[in-house]
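Novice: Contents are PDB, C-alpha atoms; file name query02.pdb:
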```
ATOM      1  CA  MET A   1      78.638  96.108  58.845
ATOM      2  CA  LYS A   2      79.773  93.354  61.202
ATOM      3  CA  ARG A   3      82.957  95.282  61.911
ATOM      4  CA  THR A   4      80.973  98.411  62.865
ATOM      5  CA  ILE A   5      78.765  96.401  65.215
ATOM      6  CA  ALA A   6      81.852  94.854  66.821
ATOM      7  CA  TRP A   7      83.404  98.292  67.410
ATOM      8  CA  VAL A   8      80.172  99.695  68.851
ATOM      9  CA  ALA A   9      79.824  96.660  71.138
ATOM     10  CA  ALA A  10      83.453  96.950  72.295
ATOM     11  CA  PHE A  11      83.041 100.673  72.986
ATOM     12  CA  ALA A  12      79.818 100.084  74.930
ATOM     13  CA  LEU A  13      81.464  97.342  77.003
ATOM     14  CA  CYS A  14      84.421  99.591  77.859
ATOM     15  CA  ALA A  15      82.134 102.485  78.766
ATOM     16  CA  VAL A  16      79.992 100.316  81.044
ATOM     17  CA  SER A  17      82.967  98.637  82.743
ATOM     18  CA  SER A  18      84.690 101.957  83.449
ATOM     19  CA  VAL A  19      81.532 103.287  85.111
ATOM     20  CA  TYR A  20      81.553 100.321  87.465
ATOM     21  CA  ALA A  21      85.240 100.475  88.375
ATOM     22  CA  LEU A  22      85.450 100.072  92.130
ATOM     23  CA  TYR A  23      88.870 101.539  92.857
ATOM     24  CA  SER A  24      91.123 104.186  91.444
ATOM     25  CA  VAL A  25      94.735 103.058  91.638
ATOM     26  CA  SER A  26      97.993 104.982  91.882
ATOM     27  CA  PRO A  27     101.283 103.078  91.466
ATOM     28  CA  ARG A  28     102.880 104.945  94.395
ATOM     29  CA  GLY A  29     102.097 105.907  97.976
ATOM     30  CA  GLU A  30      99.869 108.993  97.861
ATOM     31  CA  TRP A  31      99.516 109.343 101.624
ATOM     32  CA  PRO A  32      99.315 112.756 103.333
ATOM     33  CA  LYS A  33     102.439 114.888 103.762
ATOM     34  CA  SER A  34     101.619 114.970 107.499
ATOM     35  CA  TRP A  35     102.746 111.339 107.856
ATOM     36  CA  PRO A  36     106.269 110.815 109.280
ATOM     37  CA  LYS A  37     109.040 111.899 106.923
ATOM     38  CA  GLU A  38     110.789 108.559 107.535
ATOM     39  CA  LEU A  39     108.074 106.948 105.363
ATOM     40  CA  GLU A  40     108.912 109.099 102.307
ATOM     41  CA  PRO A  41     111.338 106.526 100.774
ATOM     42  CA  LEU A  42     108.509 103.940 100.875
ATOM     43  CA  ARG A  43     106.307 105.931  98.460
ATOM     44  CA  LYS A  44     108.067 104.331  95.462
ATOM     45  CA  GLN A  45     107.329 100.749  96.548
ATOM     46  CA  ALA A  46     103.777 101.478  97.733
ATOM     47  CA  ARG A  47     100.492 101.549  95.866
ATOM     48  CA  THR A  48      97.369 103.586  96.681
ATOM     49  CA  LEU A  49      93.818 102.429  96.064
ATOM     50  CA  VAL A  50      90.841 104.727  96.633
ATOM     51  CA  GLY A  51      87.359 103.262  96.912
ATOM     52  CA  PRO A  52      85.347 101.115  96.695
ATOM     53  CA  SER A  53      82.101 103.067  97.111
ATOM     54  CA  VAL A  54      83.341 106.039  99.156
ATOM     55  CA  PRO A  55      86.690 107.833  98.701
ATOM     56  CA  GLN A  56      88.496 105.727 101.312
ATOM     57  CA  SER A  57      92.272 105.402 100.797
ATOM     58  CA  HIS A  58      94.131 102.128 101.209
ATOM     59  CA  TYR A  59      97.939 102.082 101.075
ATOM     60  CA  GLU A  60      99.743  98.851 100.191
ATOM     61  CA  ILE A  61     103.362  98.826 101.339
ATOM     62  CA  PRO A  62     105.081  95.514 100.573
ATOM     63  CA  PHE A  63     108.475  94.604 102.012
ATOM     64  CA  THR A  64     110.981  92.013 100.835
ATOM     65  CA  LYS A  65     113.736  92.679 103.407
ATOM     66  CA  ARG A  66     113.311  92.253 107.146
ATOM     67  CA  GLU A  67     115.653  95.140 108.013
ATOM     68  CA  ALA A  68     113.660  97.586 105.865
ATOM     69  CA  PHE A  69     110.391  96.555 107.494
ATOM     70  CA  GLU A  70     111.765  96.655 111.039
ATOM     71  CA  SER A  71     113.207 100.142 110.565
ATOM     72  CA  ALA A  72     109.891 101.414 109.137
ATOM     73  CA  TRP A  73     107.628  99.705 111.704
ATOM     74  CA  PRO A  74     107.820 102.364 114.493
ATOM     75  CA  HIS A  75     106.988 105.089 111.943
ATOM     76  CA  LEU A  76     104.125 103.088 110.455
ATOM     77  CA  LEU A  77     102.604 102.803 113.926
ATOM     78  CA  LYS A  78     102.531 106.615 114.194
ATOM     79  CA  VAL A  79      99.911 106.901 111.430
ATOM     80  CA  LYS A  80      97.463 104.536 113.154
ATOM     81  CA  SER A  81      94.556 106.209 114.953
ATOM     82  CA  LYS A  82      94.621 106.040 118.726
ATOM     83  CA  GLY A  83      92.742 102.918 119.804
ATOM     84  CA  ALA A  84      92.523 101.498 116.266
ATOM     85  CA  PRO A  85      93.565  97.868 115.808
ATOM     86  CA  ILE A  86      96.305  96.007 114.056
ATOM     87  CA  ILE A  87      94.829  93.093 112.132
ATOM     88  CA  LEU A  88      97.258  90.203 111.626
ATOM     89  CA  VAL A  89      96.797  88.352 108.322
ATOM     90  CA  ARG A  90      98.752  85.917 106.159
ATOM     91  CA  THR A  91      97.472  87.385 102.898
ATOM     92  CA  THR A  92      95.420  90.415 101.940
ATOM     93  CA  GLY A  93      93.232  88.764  99.305
ATOM     94  CA  PHE A  94      92.276  91.525  96.856
ATOM     95  CA  PHE A  95      95.138  93.791  97.906
ATOM     96  CA  GLN A  96      98.707  92.972  96.804
ATOM     97  CA  VAL A  97     101.066  93.026  99.768
ATOM     98  CA  LYS A  98     103.567  90.267  98.976
ATOM     99  CA  PRO A  99     105.460  88.565 100.453
ATOM    100  CA  ALA A 100     104.823  90.642 103.592
ATOM    101  CA  GLY A 101     104.214  94.200 104.742
ATOM    102  CA  VAL A 102     101.372  96.489 105.697
ATOM    103  CA  LEU A 103      98.054  97.608 104.343
ATOM    104  CA  ILE A 104      96.969 100.894 105.891
ATOM    105  CA  HIS A 105      93.271 101.793 105.687
ATOM    106  CA  SER A 106      92.278 105.453 106.132
ATOM    107  CA  PRO A 107      88.846 106.916 106.869
ATOM    108  CA  PRO A 108      86.775 108.260 103.977
ATOM    109  CA  ALA A 109      88.161 111.526 102.617
ATOM    110  CA  GLY A 110      86.225 114.629 103.579
ATOM    111  CA  ALA A 111      84.148 112.823 106.207
ATOM    112  CA  ASP A 112      82.527 115.096 108.778
ATOM    113  CA  LYS A 113      84.235 114.215 112.087
ATOM    114  CA  GLN A 114      81.109 115.229 114.032
ATOM    115  CA  VAL A 115      78.899 112.858 112.036
ATOM    116  CA  ASN A 116      81.544 110.124 111.634
ATOM    117  CA  PRO A 117      83.975 110.473 114.559
ATOM    118  CA  GLU A 118      87.326 108.706 114.413
ATOM    119  CA  ALA A 119      86.003 105.830 116.511
ATOM    120  CA  PRO A 120      84.710 102.279 116.027
ATOM    121  CA  ILE A 121      81.223 101.810 114.580
ATOM    122  CA  PRO A 122      79.266  99.683 117.077
ATOM    123  CA  GLY A 123      77.323  96.559 116.143
ATOM    124  CA  GLN A 124      79.466  95.473 113.179
ATOM    125  CA  SER A 125      80.676  91.888 112.750
ATOM    126  CA  ASP A 126      83.540  92.679 110.355
ATOM    127  CA  PRO A 127      86.461  94.513 112.013
ATOM    128  CA  ARG A 128      87.231  96.409 108.796
ATOM    129  CA  THR A 129      83.725  97.891 108.839
ATOM    130  CA  THR A 130      83.867  98.503 112.594
ATOM    131  CA  TRP A 131      87.058 100.545 112.255
ATOM    132  CA  MET A 132      86.456 102.193 108.835
ATOM    133  CA  ASN A 133      86.310 105.708 110.346
ATOM    134  CA  THR A 134      89.850 105.317 111.687
ATOM    135  CA  THR A 135      93.300 104.716 110.260
ATOM    136  CA  PHE A 136      94.119 101.091 111.030
ATOM    137  CA  ILE A 137      96.770  98.613 109.914
ATOM    138  CA  GLU A 138      96.600  95.145 108.433
ATOM    139  CA  LEU A 139      99.961  93.503 109.040
ATOM    140  CA  VAL A 140     100.805  90.770 106.519
ATOM    141  CA  VAL A 141     102.900  88.317 108.526
ATOM    142  CA  ASP A 142     105.101  85.787 106.752
ATOM    143  CA  GLY A 143     107.400  84.821 109.650
ATOM    144  CA  ASP A 144     110.489  85.918 107.752
ATOM    145  CA  VAL A 145     110.269  89.547 106.585
ATOM    146  CA  VAL A 146     107.548  90.286 109.142
ATOM    147  CA  ASP A 147     108.321  88.185 112.207
ATOM    148  CA  LEU A 148     106.150  88.884 115.264
ATOM    149  CA  ASN A 149     108.988  87.704 117.518
ATOM    150  CA  ARG A 150     111.173  90.575 116.295
ATOM    151  CA  ILE A 151     108.798  93.566 116.503
ATOM    152  CA  VAL A 152     106.893  95.265 119.293
ATOM    153  CA  LEU A 153     103.112  95.386 119.091
ATOM    154  CA  PRO A 154     101.802  98.351 121.118
ATOM    155  CA  ALA A 155     100.260  97.360 124.450
ATOM    156  CA  ASP A 156      97.380  99.860 124.098
ATOM    157  CA  THR A 157      96.321  98.539 120.668
ATOM    158  CA  PRO A 158      93.703  95.857 119.981
ATOM    159  CA  ILE A 159      95.275  92.971 118.047
ATOM    160  CA  ILE A 160      92.913  90.982 115.810
ATOM    161  CA  ASP A 161      94.541  87.749 114.663
ATOM    162  CA  GLU A 162      93.057  86.486 111.392
ATOM    163  CA  ARG A 163      96.102  84.490 110.274
ATOM    164  CA  PHE A 164      94.395  81.150 110.896
ATOM    165  CA  LYS A 165      90.799  82.166 110.133
ATOM    166  CA  ASP A 166      90.481  79.735 107.187
ATOM    167  CA  ARG A 167      91.683  76.793 109.289
ATOM    168  CA  GLN A 168      89.059  77.506 111.975
ATOM    169  CA  LYS A 169      86.246  77.203 109.388
ATOM    170  CA  LYS A 170      87.381  73.703 108.298
TER     171      LYS A 170
END
```
Represent the supplied structure as structure tokens.
Specialist:
Amino acid sequence: MKRTIAWVAAFALCAVSSVYALYSVSPRGEWPKSWPKELEPLRKQARTLVGPSVPQSHYEIPFTKREAFESAWPHLLKVKSKGAPIILVRTTGFFQVKPAGVLIHSPPAGADKQVNPEAPIPGQSDPRTTWMNTTFIELVVDGDVVDLNRIVLPADTPIIDERFKDRQKK
């Protein structure tokens, strides 16, 4: 009897937790075929997360070698929406871009461009919410693989530097 109750409880817990899963995860880059063909070799090292509450895709592309990142950087910039920012960070928290690399956020899939144009949402305090209807980049800077002294940041792109955000709070 106790064993049956344990199995029923375990099944119920699994069923409830799967309903509340926030992201679906793919162990490779599932970005659109319209992205530059030079990014194709990166699909194997990337990971795709879709969610949390709307079908918004996030692509984690970690790099361990500076040369690989620097050769991919100009092509990564091509997927960014015009006017969308690059957010500089030291770590991505929930996402797993280590030791360095990019996290590309895309607008919700199937969004009506007339209702949700590819533009910033005014009045938001969090830049990720402000720019959620665009494709924008979080650049994980480590100073070695991703060294800001060795790459060009586009002049017409807003740069949001959050690398020292935690230190400013202290």
Novice: Take the point (88.0, 96.5, 102.4) in the file's coordinates, draw a sphere of radius 8 Å around it, and report as a ChimeraX atom specification every protein, DNA or RNA residue with an atom inside or on it, counting all atoms listed in the file.
Specialist: /A:52,128-129
Novice: In Å, rounded to a single decimal, give me how far CA of Asn116 in chain A is from CA of Leu139 in chain A.
Specialist: 24.9 Å
Novice: Ranking A:Ala119, A:Leu148, A:Ile159, A:Ile61 by minimum distance to Arg43 in chain A and counting all atoms listed in the file, which one comes first?
Specialist: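 Looking at the shortest contact to Arg43 in chain A, the residue is A:Ile61.
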Novice: Could you tell me how far CA of Pro74 in chain A lies from CA of Pro108 in chain A, in Å and to one decimal?
Specialist: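 Computed distance, CA of Pro74 in chain A to CA of Pro108 in chain A, equals 24.3 Å.
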Novice: Which is closest to Trp73 in chain A among A:Pro154, A:Pro127, A:Pro55, A:Gly110, if we use only C-alpha atoms?
Specialist: A:Pro154
Novice: Excluding Ala68 in chain A and any residue of its chain fewer than 2 positions from it, enumerate the residues within 12 Å of it, using all atoms listed in the file, and give them as a ChimeraX atom specification.
Specialist: /A:38-39,41-42,45,61-66,70-76,100-101,145-146
Novice: Go ahead and save the residues from that selection, with C-alpha atoms, as a CSV table (one decimal), in the frame of the given file.
Specialist:
```csv
chain,number,residue,atom,x,y,z
A,38,GLU,CA,110.8,108.6,107.5
A,39,LEU,CA,108.1,106.9,105.4
A,41,PRO,CA,111.3,106.5,100.8
A,42,LEU,CA,108.5,103.9,100.9
A,45,GLN,CA,107.3,100.7,96.5
A,61,ILE,CA,103.4,98.8,101.3
A,62,PRO,CA,105.1,95.5,100.6
A,63,PHE,CA,108.5,94.6,102.0
A,64,THR,CA,111.0,92.0,100.8
A,65,LYS,CA,113.7,92.7,103.4
A,66,ARG,CA,113.3,92.3,107.1
A,70,GLU,CA,111.8,96.7,111.0
A,71,SER,CA,113.2,100.1,110.6
A,72,ALA,CA,109.9,101.4,109.1
A,73,TRP,CA,107.6,99.7,111.7
A,74,PRO,CA,107.8,102.4,114.5
A,75,HIS,CA,107.0,105.1,111.9
A,76,LEU,CA,104.1,103.1,110.5
A,100,ALA,CA,104.8,90.6,103.6
A,101,GLY,CA,104.2,94.2,104.7
A,145,VAL,CA,110.3,89.5,106.6
A,146,VAL,CA,107.5,90.3,109.1
```
Novice: Which centre and which edge lengths, in Å to one decimal, describe the axis-aligned box that holds all listed atoms of range 150-159 of chain A after 8 Å is added on each side, as JSON?
Specialist:
```
{"center_x": 102.4, "center_y": 95.2, "center_z": 120.4, "size_x": 33.5, "size_y": 25.3, "size_z": 24.2}
```
Novice: Restricting the calculation to all atoms listed in the file, which member of A:Glu138, A:Pro32, A:Pro27, A:Leu153 is positioned closest to Val97 in chain A?
Specialist: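 Among A:Glu138, A:Pro32, A:Pro27, A:Leu153, it is A:Glu138 that comes nearest to Val97 in chain A.
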Novice: So which residues touch Pro158 in chain A within 12 Å, counting all atoms listed in the file, skipping near sequence neighbours fewer than 2 positions away, as a list of chain:residue names?
Specialist: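 Once the adjacent positions are removed, what remains is A:Lys80, A:Ser81, A:Lys82, A:Gly83, A:Ala84, A:Pro85, A:Ile86, A:Ile87, A:Leu88, A:Pro120, A:Pro127, A:Trp131, A:Phe136, A:Ile137, A:Glu138, A:Leu153, A:Pro154, A:Ala155, A:Asp156, A:Ile160, A:Asp161.
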Novice: Using only C-alpha atoms for the distances, tell me which of A:Val79, A:Val115, A:Ile151, A:Val141 is nearest to Pro36 in chain A.
Specialist: A:Val79
Novice: Enter the distance from CA of Val89 in chain A to CA of His105 in chain A, in Å, rounded to one decimal.
Specialist: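 It comes out at 14.1 Å.
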